[in-house]
Amino acid sequence: MRTALPDLTRAERQLATHILRNYPVAALGSITALAKAAEVSTPTVVRLCQKLGFKGYPDYQSALRTEVEAMLVSPLAKHDRWAGGVPDTHILNRFADAVVANLQATLGQIDHAEFDAAAALLADPGRAVFAMGGRITHALADYFVTLMKVVRPDVTLLSGMSNTWPPAMLDMKRGDVLLVFDIRRYENSVLQLVELAVEQGAEVILITDRWVSPASAHARHTLSCHIEAPSAWDSTVSITVLVETLLASVQTLTWDQTEARLKRLEALYDRSRFFRRNR
């Protein structure tokens with residue numbers, strides 16, 4: 001649907017935008033309710049579904065319900081789904097094939113203009129940057145912050161503990177950036193933090209999966225990744241590549257400042273004898 005937006009009519013684009021902003025709830029009701037909520041006609045709903053490759057609204061809803069089930073699937077259910085019919089090859093090959101396919105699909109669907117706009121926000125020296133992830137993706141937020149602190153100043157990792165948010169958000173001002181990670185099964189704490197940050201006037205960049213976190217309703221930029229793998233857990237490889245590419249992009253945009261910071265950092269490492277020297 002995101003990919004089709006440029007080729008839609010005004011009314012169809014209005015409908016698609018409404019569905020994306022309120023995904024998946026918007027399209028789980030009747031066609032009449034959807035058309036009324038999006039302020040379009042019911043024929044517009046039918047035309048959009050057909051442009052997306054479905055026979056009509058019932059066919060689109062059926063596919064949507066399947067996606068919703070996939071969003072909510074537990075690790076145990078995921079294992080049962082793939083373990084019964086896997087190819088008779090080594091797990092290294094099966095997993096690598098899935099990861100490569102995820103990466104290709106992710107890079108193929110990300111809008112370059114949206115990626116560039118997100119990188120520009122993160123590179124803006126007038127904006128502080130905050131980052132947070134969920135139970136699994138918090139490690140990715142930590143990784144991002146560790147490297148971004150070298151690239152530019154004013155970068156903060158937010159804890160997943162909600163009782164730490166109020167003091168951390170005291171310094172969050174209008175225009176600052178919150179980079180947040182949220183993949184299935186979507187976490188209430190992530191959504192709550194995003195809502196608080198938006199109330200503070202922050203701009204939200206969301207990195208999520210292809211089913212799209214509910215936090216997208218509050219995000220200025222949403223970057224979706226494919227994460228399925230032959231495992232009880234989803235793969236975060238495509239997300240890691242996206243994070244590292246964002247870091248590279250910000251580094252390029254801020255190279256004069258980043259180069260000076262890197263030189264100072266290396267000098268500090270040398271003085272502290274932080275790294276072992278090869279003899």
# chains A, B, ... in the order shown; residues from 1 in each chain; ligands from 1
call {"tool": "residues_around", "arguments": {"residues": "Ile207 in chain A", "least_positions_apart": "4", "cutoff": "9 Å", "atoms": "only C-alpha atoms", "output": "MDAnalysis selection string"}}
result
chainID A and resid 179:183 212:213 221:225 239 242:243
call {"tool": "write_last_selection", "arguments": {"atoms": "C-alpha atoms", "output": "PDB file, in the first residue's frame"}}
result
ATOM      1  CA  LEU A 179      14.349   6.845  17.361  1.00  0.00           C
ATOM      2  CA  VAL A 180      12.259   3.913  18.535  1.00  0.00           C
ATOM      3  CA  PHE A 181      12.308   0.206  17.658  1.00  0.00           C
ATOM      4  CA  ASP A 182       9.137  -1.888  17.892  1.00  0.00           C
ATOM      5  CA  ILE A 183       8.551  -5.261  16.231  1.00  0.00           C
ATOM      6  CA  VAL A 212       3.923  -1.970  11.285  1.00  0.00           C
ATOM      7  CA  SER A 213       3.776  -1.104  14.991  1.00  0.00           C
ATOM      8  CA  HIS A 221       9.047   8.621   9.550  1.00  0.00           C
ATOM      9  CA  THR A 222       8.446   4.860   9.554  1.00  0.00           C
ATOM     10  CA  LEU A 223      11.003   2.389   8.199  1.00  0.00           C
ATOM     11  CA  SER A 224       9.750  -1.190   7.931  1.00  0.00           C
ATOM     12  CA  CYS A 225      11.936  -4.298   7.872  1.00  0.00           C
ATOM     13  CA  ILE A 239      17.159  -3.943  11.206  1.00  0.00           C
ATOM     14  CA  LEU A 242      19.272  -0.348   8.463  1.00  0.00           C
ATOM     15  CA  VAL A 243      20.732   1.054  11.699  1.00  0.00           C
TER      16      VAL A 243
END
call {"tool": "residues_around", "arguments": {"residues": "Leu246 in chain A", "least_positions_apart": "5", "cutoff": "12 Å", "atoms": "only C-alpha atoms", "output": "CSV table (one decimal) with all heavy atoms, in the first residue's frame"}}
result
chain,number,residue,atom,x,y,z
A,112,HIS,N,13.5,5.9,-0.4
A,112,HIS,CA,14.8,6.6,-0.3
A,112,HIS,C,14.6,8.0,0.3
A,112,HIS,O,15.5,8.4,1.1
A,112,HIS,CB,15.6,6.6,-1.6
A,112,HIS,CG,16.0,5.3,-2.0
A,112,HIS,ND1,16.8,5.1,-3.2
A,112,HIS,CD2,15.9,4.0,-1.5
A,112,HIS,CE1,17.1,3.8,-3.3
A,112,HIS,NE2,16.5,3.1,-2.3
A,114,GLU,N,12.3,9.0,2.3
A,114,GLU,CA,12.0,9.0,3.7
A,114,GLU,C,13.2,8.6,4.5
A,114,GLU,O,13.4,9.2,5.6
A,114,GLU,CB,10.8,7.9,3.9
A,114,GLU,CG,10.4,7.9,5.4
A,114,GLU,CD,8.9,7.4,5.5
A,114,GLU,OE1,8.5,6.6,4.7
A,114,GLU,OE2,8.3,7.9,6.5
A,115,PHE,N,14.0,7.7,4.0
A,115,PHE,CA,15.2,7.3,4.7
A,115,PHE,C,16.1,8.6,4.8
A,115,PHE,O,16.7,8.9,5.9
A,115,PHE,CB,16.0,6.2,3.9
A,115,PHE,CG,17.3,5.9,4.5
A,115,PHE,CD1,17.4,4.9,5.4
A,115,PHE,CD2,18.5,6.6,4.1
A,115,PHE,CE1,18.6,4.5,6.0
A,115,PHE,CE2,19.7,6.2,4.7
A,115,PHE,CZ,19.8,5.2,5.6
A,116,ASP,N,16.3,9.3,3.7
A,116,ASP,CA,17.2,10.5,3.7
A,116,ASP,C,16.6,11.6,4.7
A,116,ASP,O,17.4,12.2,5.4
A,116,ASP,CB,17.3,11.1,2.3
A,116,ASP,CG,18.0,10.2,1.4
A,116,ASP,OD1,18.8,9.3,1.9
A,116,ASP,OD2,17.9,10.4,0.1
A,117,ALA,N,15.3,11.7,4.8
A,117,ALA,CA,14.7,12.7,5.7
A,117,ALA,C,15.0,12.3,7.1
A,117,ALA,O,15.2,13.1,8.0
A,117,ALA,CB,13.2,12.8,5.4
A,118,ALA,N,14.9,11.0,7.4
A,118,ALA,CA,15.1,10.5,8.8
A,118,ALA,C,16.6,10.7,9.2
A,118,ALA,O,16.9,11.2,10.3
A,118,ALA,CB,14.8,9.0,8.9
A,119,ALA,N,17.5,10.4,8.2
A,119,ALA,CA,18.9,10.7,8.5
A,119,ALA,C,19.2,12.1,8.7
A,119,ALA,O,20.0,12.5,9.6
A,119,ALA,CB,19.8,10.1,7.3
A,120,ALA,N,18.6,13.0,8.0
A,120,ALA,CA,18.8,14.5,8.1
A,120,ALA,C,18.3,14.9,9.5
A,120,ALA,O,19.0,15.8,10.1
A,120,ALA,CB,18.0,15.2,7.0
A,121,LEU,N,17.2,14.4,10.0
A,121,LEU,CA,16.8,14.7,11.4
A,121,LEU,C,17.8,14.3,12.4
A,121,LEU,O,18.1,15.0,13.3
A,121,LEU,CB,15.4,14.0,11.7
A,121,LEU,CG,14.1,14.6,11.1
A,121,LEU,CD1,13.0,13.8,11.6
A,121,LEU,CD2,14.0,16.0,11.6
A,122,LEU,N,18.3,13.1,12.2
A,122,LEU,CA,19.3,12.6,13.2
A,122,LEU,C,20.6,13.3,13.1
A,122,LEU,O,21.4,13.4,14.1
A,122,LEU,CB,19.6,11.1,12.9
A,122,LEU,CG,18.4,10.1,13.2
A,122,LEU,CD1,18.7,8.7,12.6
A,122,LEU,CD2,18.1,10.0,14.7
A,123,ALA,N,20.9,13.9,12.0
A,123,ALA,CA,22.2,14.7,11.8
A,123,ALA,C,22.1,16.1,12.2
A,123,ALA,O,23.1,16.8,12.4
A,123,ALA,CB,22.6,14.6,10.3
A,144,PHE,N,22.9,1.5,18.5
A,144,PHE,CA,22.8,2.7,17.8
A,144,PHE,C,23.4,3.9,18.6
A,144,PHE,O,24.2,4.7,18.1
A,144,PHE,CB,21.3,3.0,17.5
A,144,PHE,CG,21.0,4.4,17.0
A,144,PHE,CD1,21.3,4.8,15.7
A,144,PHE,CD2,20.6,5.4,17.9
A,144,PHE,CE1,21.0,6.1,15.2
A,144,PHE,CE2,20.3,6.7,17.4
A,144,PHE,CZ,20.6,7.0,16.1
A,145,VAL,N,23.0,4.0,19.9
A,145,VAL,CA,23.4,5.1,20.7
A,145,VAL,C,25.0,5.0,21.0
A,145,VAL,O,25.6,6.1,20.9
A,145,VAL,CB,22.7,5.1,22.1
A,145,VAL,CG1,23.3,6.0,23.1
A,145,VAL,CG2,21.2,5.5,21.9
A,147,LEU,N,27.3,4.0,19.0
A,147,LEU,CA,28.1,4.6,17.8
A,147,LEU,C,27.7,6.0,17.5
A,147,LEU,O,28.5,6.8,17.1
A,147,LEU,CB,27.8,3.7,16.6
A,147,LEU,CG,28.3,2.2,16.7
A,147,LEU,CD1,28.0,1.5,15.5
A,147,LEU,CD2,29.8,2.2,17.1
A,148,MET,N,26.4,6.4,17.7
A,148,MET,CA,26.0,7.7,17.4
A,148,MET,C,26.6,8.7,18.4
A,148,MET,O,26.8,9.9,18.0
A,148,MET,CB,24.4,7.8,17.5
A,148,MET,CG,23.9,9.1,17.1
A,148,MET,SD,24.2,9.6,15.3
A,148,MET,CE,22.8,8.8,14.5
A,151,VAL,N,29.6,9.9,16.6
A,151,VAL,CA,29.3,10.7,15.5
A,151,VAL,C,28.9,12.2,15.8
A,151,VAL,O,29.3,13.1,15.2
A,151,VAL,CB,28.1,10.1,14.6
A,151,VAL,CG1,27.7,10.9,13.5
A,151,VAL,CG2,28.6,8.7,14.1
A,179,LEU,N,14.3,8.0,18.2
A,179,LEU,CA,14.3,6.8,17.4
A,179,LEU,C,13.9,5.7,18.2
A,179,LEU,O,14.5,5.4,19.2
A,179,LEU,CB,15.8,6.6,16.9
A,179,LEU,CG,16.0,5.3,16.0
A,179,LEU,CD1,15.3,5.5,14.7
A,179,LEU,CD2,17.5,5.1,15.8
A,205,ILE,N,11.0,8.8,14.8
A,205,ILE,CA,11.4,7.9,13.7
A,205,ILE,C,11.2,6.5,14.2
A,205,ILE,O,11.8,6.1,15.2
A,205,ILE,CB,12.9,8.1,13.3
A,205,ILE,CG1,13.1,9.5,12.8
A,205,ILE,CG2,13.3,7.1,12.2
A,205,ILE,CD1,14.6,9.9,12.6
A,207,ILE,N,11.4,2.4,13.6
A,207,ILE,CA,11.9,1.2,12.9
A,207,ILE,C,11.1,0.0,13.4
A,207,ILE,O,11.1,-0.3,14.5
A,207,ILE,CB,13.4,1.0,13.1
A,207,ILE,CG1,14.2,2.2,12.5
A,207,ILE,CG2,13.9,-0.3,12.4
A,207,ILE,CD1,15.7,2.1,12.6
A,223,LEU,N,10.2,3.2,9.0
A,223,LEU,CA,11.0,2.4,8.2
A,223,LEU,C,10.7,0.9,8.6
A,223,LEU,O,10.9,0.5,9.7
A,223,LEU,CB,12.5,2.7,8.4
A,223,LEU,CG,12.9,4.2,8.1
A,223,LEU,CD1,14.3,4.4,8.5
A,223,LEU,CD2,12.7,4.5,6.7
A,239,ILE,N,17.2,-5.2,10.4
A,239,ILE,CA,17.2,-3.9,11.2
A,239,ILE,C,18.6,-3.4,11.5
A,239,ILE,O,18.8,-2.2,11.5
A,239,ILE,CB,16.4,-4.2,12.5
A,239,ILE,CG1,15.0,-4.7,12.2
A,239,ILE,CG2,16.4,-3.0,13.4
A,239,ILE,CD1,14.2,-5.0,13.5
A,240,THR,N,19.5,-4.4,11.8
A,240,THR,CA,20.9,-4.0,12.1
A,240,THR,C,21.5,-3.3,10.9
A,240,THR,O,22.2,-2.3,11.0
A,240,THR,CB,21.7,-5.2,12.5
A,240,THR,OG1,21.1,-5.8,13.6
A,240,THR,CG2,23.1,-4.8,12.8
A,241,VAL,N,21.2,-3.8,9.7
A,241,VAL,CA,21.8,-3.2,8.5
A,241,VAL,C,21.2,-1.8,8.3
A,241,VAL,O,21.9,-0.9,7.9
A,241,VAL,CB,21.5,-4.1,7.2
A,241,VAL,CG1,21.8,-3.3,5.9
A,241,VAL,CG2,22.2,-5.4,7.3
A,251,GLN,N,26.9,10.1,9.5
A,251,GLN,CA,28.3,10.4,9.5
A,251,GLN,C,28.7,11.2,8.3
A,251,GLN,O,29.5,12.2,8.4
A,251,GLN,CB,29.1,9.1,9.6
A,251,GLN,CG,30.6,9.2,9.5
A,251,GLN,CD,31.2,7.8,9.4
A,251,GLN,OE1,31.2,7.1,10.4
A,251,GLN,NE2,31.7,7.5,8.3
A,252,THR,N,28.2,10.9,7.2
A,252,THR,CA,28.5,11.6,5.9
A,252,THR,C,28.0,13.0,6.0
A,252,THR,O,28.7,14.0,5.6
A,252,THR,CB,27.9,10.9,4.7
A,252,THR,OG1,28.4,9.6,4.6
A,252,THR,CG2,28.2,11.7,3.4
A,253,LEU,N,26.8,13.2,6.5
A,253,LEU,CA,26.2,14.5,6.6
A,253,LEU,C,26.9,15.4,7.6
A,253,LEU,O,26.9,16.7,7.5
A,253,LEU,CB,24.7,14.4,7.0
A,253,LEU,CG,23.8,13.8,6.0
A,253,LEU,CD1,22.4,13.5,6.6
A,253,LEU,CD2,23.6,14.7,4.8
call {"tool": "select_by_dssp", "arguments": {"residues": "range 86-147 of chain A", "states": "helix (DSSP H, G or I)", "output": "number ranges by chain"}}
result
A: 91-109, 112-123, 138-147
call {"tool": "write_last_selection", "arguments": {"atoms": "C-alpha atoms", "output": "PDB file, in the first residue's frame"}}
result
ATOM      1  CA  ILE A  91      19.965 -24.868   9.336  1.00  0.00           C
ATOM      2  CA  LEU A  92      22.861 -22.596   8.364  1.00  0.00           C
ATOM      3  CA  ASN A  93      21.653 -22.594   4.754  1.00  0.00           C
ATOM      4  CA  ARG A  94      17.973 -22.233   5.609  1.00  0.00           C
ATOM      5  CA  PHE A  95      18.592 -19.387   8.012  1.00  0.00           C
ATOM      6  CA  ALA A  96      20.997 -17.592   5.677  1.00  0.00           C
ATOM      7  CA  ASP A  97      18.510 -17.848   2.804  1.00  0.00           C
ATOM      8  CA  ALA A  98      15.780 -16.331   4.974  1.00  0.00           C
ATOM      9  CA  VAL A  99      18.022 -13.508   6.183  1.00  0.00           C
ATOM     10  CA  VAL A 100      19.196 -12.619   2.671  1.00  0.00           C
ATOM     11  CA  ALA A 101      15.588 -12.624   1.450  1.00  0.00           C
ATOM     12  CA  ASN A 102      14.626 -10.368   4.372  1.00  0.00           C
ATOM     13  CA  LEU A 103      17.405  -7.938   3.538  1.00  0.00           C
ATOM     14  CA  GLN A 104      16.517  -7.805  -0.145  1.00  0.00           C
ATOM     15  CA  ALA A 105      12.827  -7.278   0.610  1.00  0.00           C
ATOM     16  CA  THR A 106      13.616  -4.599   3.198  1.00  0.00           C
ATOM     17  CA  LEU A 107      15.926  -2.602   0.944  1.00  0.00           C
ATOM     18  CA  GLY A 108      13.475  -2.973  -1.919  1.00  0.00           C
ATOM     19  CA  GLN A 109      10.564  -1.411  -0.068  1.00  0.00           C
ATOM     20  CA  HIS A 112      14.808   6.581  -0.262  1.00  0.00           C
ATOM     21  CA  ALA A 113      13.376  10.035   0.342  1.00  0.00           C
ATOM     22  CA  GLU A 114      11.956   8.964   3.697  1.00  0.00           C
ATOM     23  CA  PHE A 115      15.250   7.343   4.679  1.00  0.00           C
ATOM     24  CA  ASP A 116      17.167  10.506   3.739  1.00  0.00           C
ATOM     25  CA  ALA A 117      14.724  12.681   5.693  1.00  0.00           C
ATOM     26  CA  ALA A 118      15.143  10.482   8.783  1.00  0.00           C
ATOM     27  CA  ALA A 119      18.937  10.663   8.488  1.00  0.00           C
ATOM     28  CA  ALA A 120      18.757  14.452   8.133  1.00  0.00           C
ATOM     29  CA  LEU A 121      16.764  14.704  11.372  1.00  0.00           C
ATOM     30  CA  LEU A 122      19.322  12.559  13.193  1.00  0.00           C
ATOM     31  CA  ALA A 123      22.168  14.680  11.790  1.00  0.00           C
ATOM     32  CA  HIS A 138      16.540  -2.541  23.127  1.00  0.00           C
ATOM     33  CA  ALA A 139      19.934  -4.039  22.246  1.00  0.00           C
ATOM     34  CA  LEU A 140      19.655  -2.389  18.821  1.00  0.00           C
ATOM     35  CA  ALA A 141      18.858   0.968  20.421  1.00  0.00           C
ATOM     36  CA  ASP A 142      21.895   0.527  22.692  1.00  0.00           C
ATOM     37  CA  TYR A 143      24.093  -0.288  19.688  1.00  0.00           C
ATOM     38  CA  PHE A 144      22.791   2.746  17.797  1.00  0.00           C
ATOM     39  CA  VAL A 145      23.448   5.089  20.732  1.00  0.00           C
ATOM     40  CA  THR A 146      26.944   3.681  21.374  1.00  0.00           C
ATOM     41  CA  LEU A 147      28.050   4.568  17.844  1.00  0.00           C
TER      42      LEU A 147
END
call {"tool": "closest_atom_pairs", "arguments": {"of": "range 107-148 of chain A", "to": "range 195-201 of chain A", "cutoff": "12 Å", "atoms": "only C-alpha atoms", "output": "Markdown table"}}
result
| residue | atom | partner | partner_atom | distance |
| --- | --- | --- | --- | --- |
| A:Arg127 | CA | A:Gly201 | CA | 11.5 |
| A:Val129 | CA | A:Ala197 | CA | 11.6 |
| A:Phe130 | CA | A:Ala197 | CA | 9.8 |
| A:Ala131 | CA | A:Ala197 | CA | 11.1 |
| A:Met132 | CA | A:Ala197 | CA | 11.4 |
call {"tool": "atom_distance", "arguments": {"atom1": "CA of Arg174 in chain A", "atom2": "CA of Leu157 in chain A"}}
result
17.9 Å
call {"tool": "closest_residue", "arguments": {"among": "A:Gln192, A:Pro153, A:His18, A:Arg276", "to": "Leu262 in chain A", "atoms": "only C-alpha atoms"}}
result
A:Pro153
call {"tool": "residues_around", "arguments": {"residues": "Met1 in chain A", "least_positions_apart": "4", "cutoff": "9 Å", "atoms": "only C-alpha atoms", "output": "list in words"}}
result
Leu5, Ala16, Thr17, Leu20 and Leu52 of chain A
call {"tool": "closest_residue", "arguments": {"among": "A:Pro24, A:Ser30, A:Asp7, A:Ser62", "to": "Leu48 in chain A", "atoms": "only C-alpha atoms"}}
result
A:Asp7
